[in-house]
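> Below is the file target25.pdb, with PDB, C-alpha atoms.
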```pdb
ATOM      1  CA  MET A 106    -143.785  85.612   6.024
ATOM      2  CA  ALA A 107    -147.288  85.300   5.042
ATOM      3  CA  GLY A 108    -148.755  87.630   2.466
ATOM      4  CA  THR A 109    -145.414  88.684   1.000
ATOM      5  CA  ALA A 110    -144.986  87.901  -2.645
ATOM      6  CA  ALA A 111    -141.660  86.618  -3.881
ATOM      7  CA  ARG A 112    -139.625  89.402  -5.364
ATOM      8  CA  GLY A 113    -137.812  88.957  -8.630
ATOM      9  CA  PRO A 114    -137.471  90.631 -11.972
ATOM     10  CA  LEU A 115    -140.711  91.981 -13.280
ATOM     11  CA  PRO A 116    -141.629  90.758 -16.722
ATOM     12  CA  LEU A 117    -141.496  93.490 -19.357
ATOM     13  CA  PRO A 118    -144.524  93.892 -21.554
ATOM     14  CA  PRO A 119    -143.782  92.907 -25.150
ATOM     15  CA  LEU A 120    -142.846  95.849 -27.350
ATOM     16  CA  PRO A 121    -143.808  95.778 -31.013
ATOM     17  CA  GLY A 122    -140.796  95.232 -33.275
ATOM     18  CA  LEU A 123    -138.427  94.346 -30.385
ATOM     19  CA  LEU A 124    -136.113  91.513 -31.262
ATOM     20  CA  LEU A 125    -135.336  89.449 -28.216
ATOM     21  CA  LEU A 126    -131.774  88.184 -28.219
ATOM     22  CA  PRO A 127    -130.188  85.785 -25.788
ATOM     23  CA  LEU A 128    -127.902  87.550 -23.294
ATOM     24  CA  PRO A 129    -124.594  86.670 -25.065
ATOM     25  CA  GLY A 130    -125.913  88.029 -28.366
ATOM     26  CA  LEU A 131    -127.101  91.213 -26.685
ATOM     27  CA  LEU A 132    -123.703  91.707 -25.057
ATOM     28  CA  LEU A 133    -121.950  91.317 -28.402
ATOM     29  CA  LEU A 134    -124.143  94.017 -29.878
ATOM     30  CA  LEU A 135    -123.563  96.376 -26.971
ATOM     31  CA  LEU A 136    -119.872  95.689 -26.398
ATOM     32  CA  PRO A 137    -118.429  97.560 -29.414
ATOM     33  CA  ALA A 138    -120.604 100.575 -28.671
ATOM     34  CA  ALA A 139    -119.528 100.602 -25.047
ATOM     35  CA  THR A 140    -115.799 100.432 -25.825
ATOM     36  CA  ALA A 141    -115.834 102.795 -28.793
ATOM     37  CA  GLU A 142    -114.420 106.220 -28.057
ATOM     38  CA  PRO A 143    -117.100 108.909 -28.239
ATOM     39  CA  GLU A 144    -116.778 111.210 -31.208
ATOM     40  CA  LEU A 145    -115.798 114.708 -30.171
ATOM     41  CA  ARG A 146    -117.721 117.473 -31.851
ATOM     42  CA  PHE A 147    -115.218 120.151 -30.850
ATOM     43  CA  ARG A 148    -111.512 119.562 -30.680
ATOM     44  CA  PRO A 149    -109.503 122.274 -28.979
ATOM     45  CA  PRO A 150    -106.683 123.689 -31.105
ATOM     46  CA  ALA A 151    -103.297 122.069 -30.562
ATOM     47  CA  GLU A 152    -101.774 125.488 -30.032
ATOM     48  CA  ALA A 153    -103.154 128.818 -28.948
ATOM     49  CA  PRO A 154    -104.939 130.646 -31.770
ATOM     50  CA  VAL A 155    -103.098 133.434 -33.529
ATOM     51  CA  ARG A 156    -104.288 137.010 -33.260
ATOM     52  CA  LEU A 157    -104.068 140.295 -35.109
ATOM     53  CA  PHE A 158    -101.872 142.978 -33.512
ATOM     54  CA  THR A 159    -102.055 146.713 -34.020
ATOM     55  CA  GLU A 160     -98.821 148.653 -33.463
ATOM     56  CA  PRO A 161     -99.874 149.856 -29.969
ATOM     57  CA  GLU A 162    -100.900 146.309 -28.965
ATOM     58  CA  LEU A 163     -97.606 144.855 -30.155
ATOM     59  CA  ALA A 164     -95.689 147.602 -28.309
ATOM     60  CA  ARG A 165     -97.045 146.255 -24.989
ATOM     61  CA  TYR A 166     -94.901 143.142 -25.447
ATOM     62  CA  ASP A 167     -91.524 144.879 -25.707
ATOM     63  CA  GLY A 168     -89.881 142.993 -22.834
ATOM     64  CA  HIS A 169     -90.023 145.842 -20.329
ATOM     65  CA  GLN A 170     -92.824 144.435 -18.132
ATOM     66  CA  GLU A 171     -91.845 141.539 -15.895
ATOM     67  CA  GLY A 172     -94.011 138.456 -16.410
ATOM     68  CA  GLN A 173     -95.273 139.643 -19.806
ATOM     69  CA  PRO A 174     -94.342 137.683 -22.964
ATOM     70  CA  ILE A 175     -91.918 139.272 -25.435
ATOM     71  CA  TYR A 176     -93.110 139.560 -29.033
ATOM     72  CA  LEU A 177     -91.516 140.876 -32.184
ATOM     73  CA  ALA A 178     -92.668 140.855 -35.772
ATOM     74  CA  VAL A 179     -90.750 140.140 -38.932
ATOM     75  CA  LYS A 180     -92.468 140.373 -42.321
ATOM     76  CA  GLY A 181     -95.775 140.972 -40.509
ATOM     77  CA  VAL A 182     -95.559 137.684 -38.575
ATOM     78  CA  VAL A 183     -95.562 138.076 -34.780
ATOM     79  CA  PHE A 184     -93.279 135.670 -32.906
ATOM     80  CA  ASP A 185     -93.152 134.920 -29.183
ATOM     81  CA  VAL A 186     -89.435 135.339 -28.420
ATOM     82  CA  THR A 187     -89.840 135.062 -24.640
ATOM     83  CA  SER A 188     -87.635 131.954 -24.588
ATOM     84  CA  GLY A 189     -84.850 134.205 -25.914
ATOM     85  CA  LYS A 190     -85.278 136.711 -23.080
ATOM     86  CA  GLU A 191     -81.489 137.017 -22.736
ATOM     87  CA  PHE A 192     -81.471 138.444 -26.289
ATOM     88  CA  TYR A 193     -84.783 140.361 -26.440
ATOM     89  CA  GLY A 194     -85.666 141.211 -22.829
ATOM     90  CA  LYS A 195     -85.203 144.520 -21.048
ATOM     91  CA  GLY A 196     -81.556 145.624 -21.317
ATOM     92  CA  ALA A 197     -80.689 142.738 -23.676
ATOM     93  CA  PRO A 198     -78.683 143.347 -26.869
ATOM     94  CA  TYR A 199     -81.645 142.977 -29.286
ATOM     95  CA  ASN A 200     -84.365 144.497 -27.114
ATOM     96  CA  ALA A 201     -84.767 147.320 -29.646
ATOM     97  CA  LEU A 202     -86.365 144.781 -32.035
ATOM     98  CA  ALA A 203     -89.053 143.724 -29.535
ATOM     99  CA  GLY A 204     -92.570 145.131 -29.461
ATOM    100  CA  LYS A 205     -92.639 146.159 -33.123
ATOM    101  CA  ASP A 206     -92.366 144.930 -36.692
ATOM    102  CA  SER A 207     -88.596 145.141 -37.150
ATOM    103  CA  THR A 208     -88.409 143.678 -40.652
ATOM    104  CA  ARG A 209     -86.070 146.331 -42.057
ATOM    105  CA  GLY A 210     -83.750 146.166 -39.041
ATOM    106  CA  VAL A 211     -83.518 142.368 -39.334
ATOM    107  CA  ALA A 212     -82.789 142.619 -43.078
ATOM    108  CA  LYS A 213     -80.081 145.228 -42.566
ATOM    109  CA  MET A 214     -78.865 143.735 -39.280
ATOM    110  CA  SER A 215     -79.384 147.186 -37.817
ATOM    111  CA  LEU A 216     -80.631 148.436 -34.471
ATOM    112  CA  ASP A 217     -80.821 152.020 -35.715
ATOM    113  CA  PRO A 218     -84.278 153.343 -34.685
ATOM    114  CA  ALA A 219     -84.859 154.489 -38.287
ATOM    115  CA  ASP A 220     -84.529 150.859 -39.429
ATOM    116  CA  LEU A 221     -86.912 149.392 -36.845
ATOM    117  CA  THR A 222     -89.893 149.353 -39.183
ATOM    118  CA  HIS A 223     -91.917 147.040 -41.417
ATOM    119  CA  ASP A 224     -90.839 148.969 -44.531
ATOM    120  CA  THR A 225     -88.719 146.961 -46.971
ATOM    121  CA  ALA A 226     -88.603 149.571 -49.739
ATOM    122  CA  GLY A 227     -85.111 150.123 -51.093
ATOM    123  CA  LEU A 228     -83.519 147.022 -49.552
ATOM    124  CA  THR A 229     -80.819 145.394 -51.661
ATOM    125  CA  GLU A 230     -81.058 141.838 -52.999
ATOM    126  CA  GLU A 231     -78.456 140.808 -50.426
ATOM    127  CA  GLU A 232     -80.506 142.355 -47.592
ATOM    128  CA  LEU A 233     -83.672 140.641 -48.846
ATOM    129  CA  LYS A 234     -81.867 137.292 -48.978
ATOM    130  CA  SER A 235     -80.554 137.867 -45.451
ATOM    131  CA  LEU A 236     -84.116 138.702 -44.328
ATOM    132  CA  ASP A 237     -85.451 135.443 -45.778
ATOM    133  CA  ASP A 238     -82.636 133.412 -44.218
ATOM    134  CA  ILE A 239     -83.142 134.908 -40.763
ATOM    135  CA  PHE A 240     -86.939 134.742 -41.031
ATOM    136  CA  ASN A 241     -86.892 131.034 -41.940
ATOM    137  CA  ASN A 242     -83.834 129.742 -40.093
ATOM    138  CA  VAL A 243     -84.066 131.763 -36.895
ATOM    139  CA  TYR A 244     -87.555 133.063 -36.196
ATOM    140  CA  LYS A 245     -89.718 130.385 -37.840
ATOM    141  CA  ALA A 246     -87.358 127.629 -36.706
ATOM    142  CA  LYS A 247     -87.086 128.707 -33.060
ATOM    143  CA  TYR A 248     -90.107 130.743 -32.017
ATOM    144  CA  PRO A 249     -93.870 130.122 -32.098
ATOM    145  CA  ILE A 250     -96.068 132.328 -34.270
ATOM    146  CA  VAL A 251     -98.638 134.097 -32.079
ATOM    147  CA  GLY A 252    -100.209 136.396 -34.650
ATOM    148  CA  TYR A 253     -99.858 138.851 -37.473
ATOM    149  CA  THR A 254     -99.603 142.601 -37.677
ATOM    150  CA  SER A 255    -102.828 144.332 -38.633
ATOM    151  CA  ARG A 256    -100.916 146.356 -41.228
ATOM    152  CA  ARG A 257    -100.879 143.269 -43.428
ATOM    153  CA  ILE A 258    -104.649 143.137 -43.857
ATOM    154  CA  LEU A 259    -106.080 146.442 -42.638
ATOM    155  CA  ASN A 260    -106.034 149.963 -44.024
ATOM    156  CA  GLU A 261    -104.649 152.868 -41.975
ATOM    157  CA  ASP A 262    -108.188 153.706 -40.746
ATOM    158  CA  GLY A 263    -108.703 150.117 -39.523
ATOM    159  CA  SER A 264    -111.065 149.075 -42.289
ATOM    160  CA  PRO A 265    -110.367 145.794 -44.101
ATOM    161  CA  ASN A 266    -108.005 146.032 -47.031
ATOM    162  CA  LEU A 267    -110.146 144.393 -49.697
ATOM    163  CA  ASP A 268    -107.184 144.316 -52.074
ATOM    164  CA  PHE A 269    -104.965 142.390 -49.642
ATOM    165  CA  LYS A 270    -103.250 139.448 -51.252
ATOM    166  CA  PRO A 271    -100.314 137.832 -49.468
ATOM    167  CA  GLU A 272     -98.506 137.415 -52.765
ATOM    168  CA  ASP A 273     -98.592 141.205 -53.276
ATOM    169  CA  GLN A 274     -96.773 141.920 -50.029
ATOM    170  CA  PRO A 275     -93.165 142.994 -50.495
ATOM    171  CA  HIS A 276     -91.003 139.899 -50.441
ATOM    172  CA  PHE A 277     -93.503 137.764 -48.548
ATOM    173  CA  SER A 278     -95.048 134.352 -49.167
ATOM    174  CA  ILE A 279     -97.835 133.138 -46.852
ATOM    175  CA  LYS A 280     -97.562 129.531 -48.089
ATOM    176  CA  ASP A 281     -94.164 129.297 -46.401
ATOM    177  CA  GLU A 282     -95.662 130.122 -42.996
ATOM    178  CA  PHE A 283     -97.739 127.002 -42.578
TER     179      PHE A 283
END
```
Have the structure of the file written as structure tokens, please.


Amino acid sequence: MAGTAARGPLPLPPLPGLLLLPLPGLLLLLLPAATAEPELRFRPPAEAPVRLFTEPELARYDGHQEGQPIYLAVKGVVFDVTSGKEFYGKGAPYNALAGKDSTRGVAKMSLDPADLTHDTAGLTEEELKSLDDIFNNVYKAKYPIVGYTSRRILNEDGSPNLDFKPEDQPHFSIKDEF
């Protein structure tokens, strides 16, 4: 084939400051970089993020709608109790606790509608101890935390409670939640 030049690698023009290494040396420099795992700038949370629930929002998760998770709050902490549907679902024995902050009812072991509230005023030492035991050994031990009630950090009008301090909440310690 006359007139056809032999094809091969084209010589690169010399670049100022470029250190030419033999192929094995170049591979050794590149190899660790090629096998190193890239650093992730964003790591997705291991679990779903928690959210803040108003009373009407929490009421939507009372176990009455098929396919909807079942939530209940104790001490302002909202738990997903869907795995205990036989206890908290529609028609179940403890369904009255679902969809609200039932702290008082849990402390008193009461399903009386008057006790299905966040209010702990006037509870006895025995009831408060029972509340702590059930909160830690049942709810925190068995069910995932999905959020908190807005009452813990918001005023009645929805504005932020600037005086909110977890340690000031009646019989509550945030350090035990994490």

> Between A:Lys195, A:Lys205, A:Arg256, A:Arg156, which is the closest to A:Tyr176 once you count all atoms listed in the file?

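Closest residue, counting all atoms listed in the file: A:Lys205.
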
> So which residues get picked by the PyMOL selection byres ((chain A and resi 200) around 12) here, written as an MDAnalysis selection string?

chainID A and resid 164 166:169 175:177 186:187 189:199 201:205 207 216:218 221

> Next, write the just-selected residues to a file, as a PDB file, in the coordinates of the input, keeping C-alpha atoms as the atom set.


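Output (selection_22.pdb):
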```pdb
ATOM      1  CA  ALA A 164     -95.689 147.602 -28.309  1.00  0.00           C
ATOM      2  CA  TYR A 166     -94.901 143.142 -25.447  1.00  0.00           C
ATOM      3  CA  ASP A 167     -91.524 144.879 -25.707  1.00  0.00           C
ATOM      4  CA  GLY A 168     -89.881 142.993 -22.834  1.00  0.00           C
ATOM      5  CA  HIS A 169     -90.023 145.842 -20.329  1.00  0.00           C
ATOM      6  CA  ILE A 175     -91.918 139.272 -25.435  1.00  0.00           C
ATOM      7  CA  TYR A 176     -93.110 139.560 -29.033  1.00  0.00           C
ATOM      8  CA  LEU A 177     -91.516 140.876 -32.184  1.00  0.00           C
ATOM      9  CA  VAL A 186     -89.435 135.339 -28.420  1.00  0.00           C
ATOM     10  CA  THR A 187     -89.840 135.062 -24.640  1.00  0.00           C
ATOM     11  CA  GLY A 189     -84.850 134.205 -25.914  1.00  0.00           C
ATOM     12  CA  LYS A 190     -85.278 136.711 -23.080  1.00  0.00           C
ATOM     13  CA  GLU A 191     -81.489 137.017 -22.736  1.00  0.00           C
ATOM     14  CA  PHE A 192     -81.471 138.444 -26.289  1.00  0.00           C
ATOM     15  CA  TYR A 193     -84.783 140.361 -26.440  1.00  0.00           C
ATOM     16  CA  GLY A 194     -85.666 141.211 -22.829  1.00  0.00           C
ATOM     17  CA  LYS A 195     -85.203 144.520 -21.048  1.00  0.00           C
ATOM     18  CA  GLY A 196     -81.556 145.624 -21.317  1.00  0.00           C
ATOM     19  CA  ALA A 197     -80.689 142.738 -23.676  1.00  0.00           C
ATOM     20  CA  PRO A 198     -78.683 143.347 -26.869  1.00  0.00           C
ATOM     21  CA  TYR A 199     -81.645 142.977 -29.286  1.00  0.00           C
ATOM     22  CA  ALA A 201     -84.767 147.320 -29.646  1.00  0.00           C
ATOM     23  CA  LEU A 202     -86.365 144.781 -32.035  1.00  0.00           C
ATOM     24  CA  ALA A 203     -89.053 143.724 -29.535  1.00  0.00           C
ATOM     25  CA  GLY A 204     -92.570 145.131 -29.461  1.00  0.00           C
ATOM     26  CA  LYS A 205     -92.639 146.159 -33.123  1.00  0.00           C
ATOM     27  CA  SER A 207     -88.596 145.141 -37.150  1.00  0.00           C
ATOM     28  CA  LEU A 216     -80.631 148.436 -34.471  1.00  0.00           C
ATOM     29  CA  ASP A 217     -80.821 152.020 -35.715  1.00  0.00           C
ATOM     30  CA  PRO A 218     -84.278 153.343 -34.685  1.00  0.00           C
ATOM     31  CA  LEU A 221     -86.912 149.392 -36.845  1.00  0.00           C
TER      32      LEU A 221
END
```

> Smallest atom-to-atom distance to A:Phe184: which of A:Val211, A:Asp237, A:Ser264, A:Asp206, using only C-alpha atoms?

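Going through A:Val211, A:Asp237, A:Ser264, A:Asp206 one by one, the smallest distance to A:Phe184 is for A:Asp206.
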
> Grab the atom CA of A:Ser255 to atom CA of A:Glu230 distance for me, in Å with one decimal place.

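We find that atom CA of A:Ser255 and atom CA of A:Glu230 lie 26.2 Å from each other.
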
> In Å to one decimal, how far is atom CA of A:Thr159 from atom CA of A:Leu259?

9.5 Å

> Using only C-alpha atoms, find the one residue out of A:Ile250, A:Met214, A:Val183, A:Leu163 that sits nearest to A:Ser235.

A:Met214

> As an exercise, work out the distance from atom CA of A:Thr208 to atom CA of A:Val179 in Å and give it to one decimal place.

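Result for atom CA of A:Thr208 versus atom CA of A:Val179: 4.6 Å, one decimal.
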
> Under the rule that only C-alpha atoms are counted, which of A:Glu160, A:Ala219, A:Leu267, A:Ala246 is the nearest residue to A:Ala178?

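Closest to A:Ala178 of all the choices is A:Glu160.
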
> Emit as JSON the padded axis-aligned box for all listed atoms of stretch 250-255 of chain A, 8 Å per side, with centre and edge lengths in Å to one decimal.


```
{"center_x": -99.4, "center_y": 138.3, "center_z": -35.4, "size_x": 22.8, "size_y": 28.0, "size_z": 22.6}
```

> Let me make sure I understand: among A:Thr225, A:Leu157, A:Gly172, A:Glu232, which one has the smallest atom-to-atom distance to A:Arg257 if we use all atoms listed in the file?

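The closest residue to A:Arg257 is A:Leu157.
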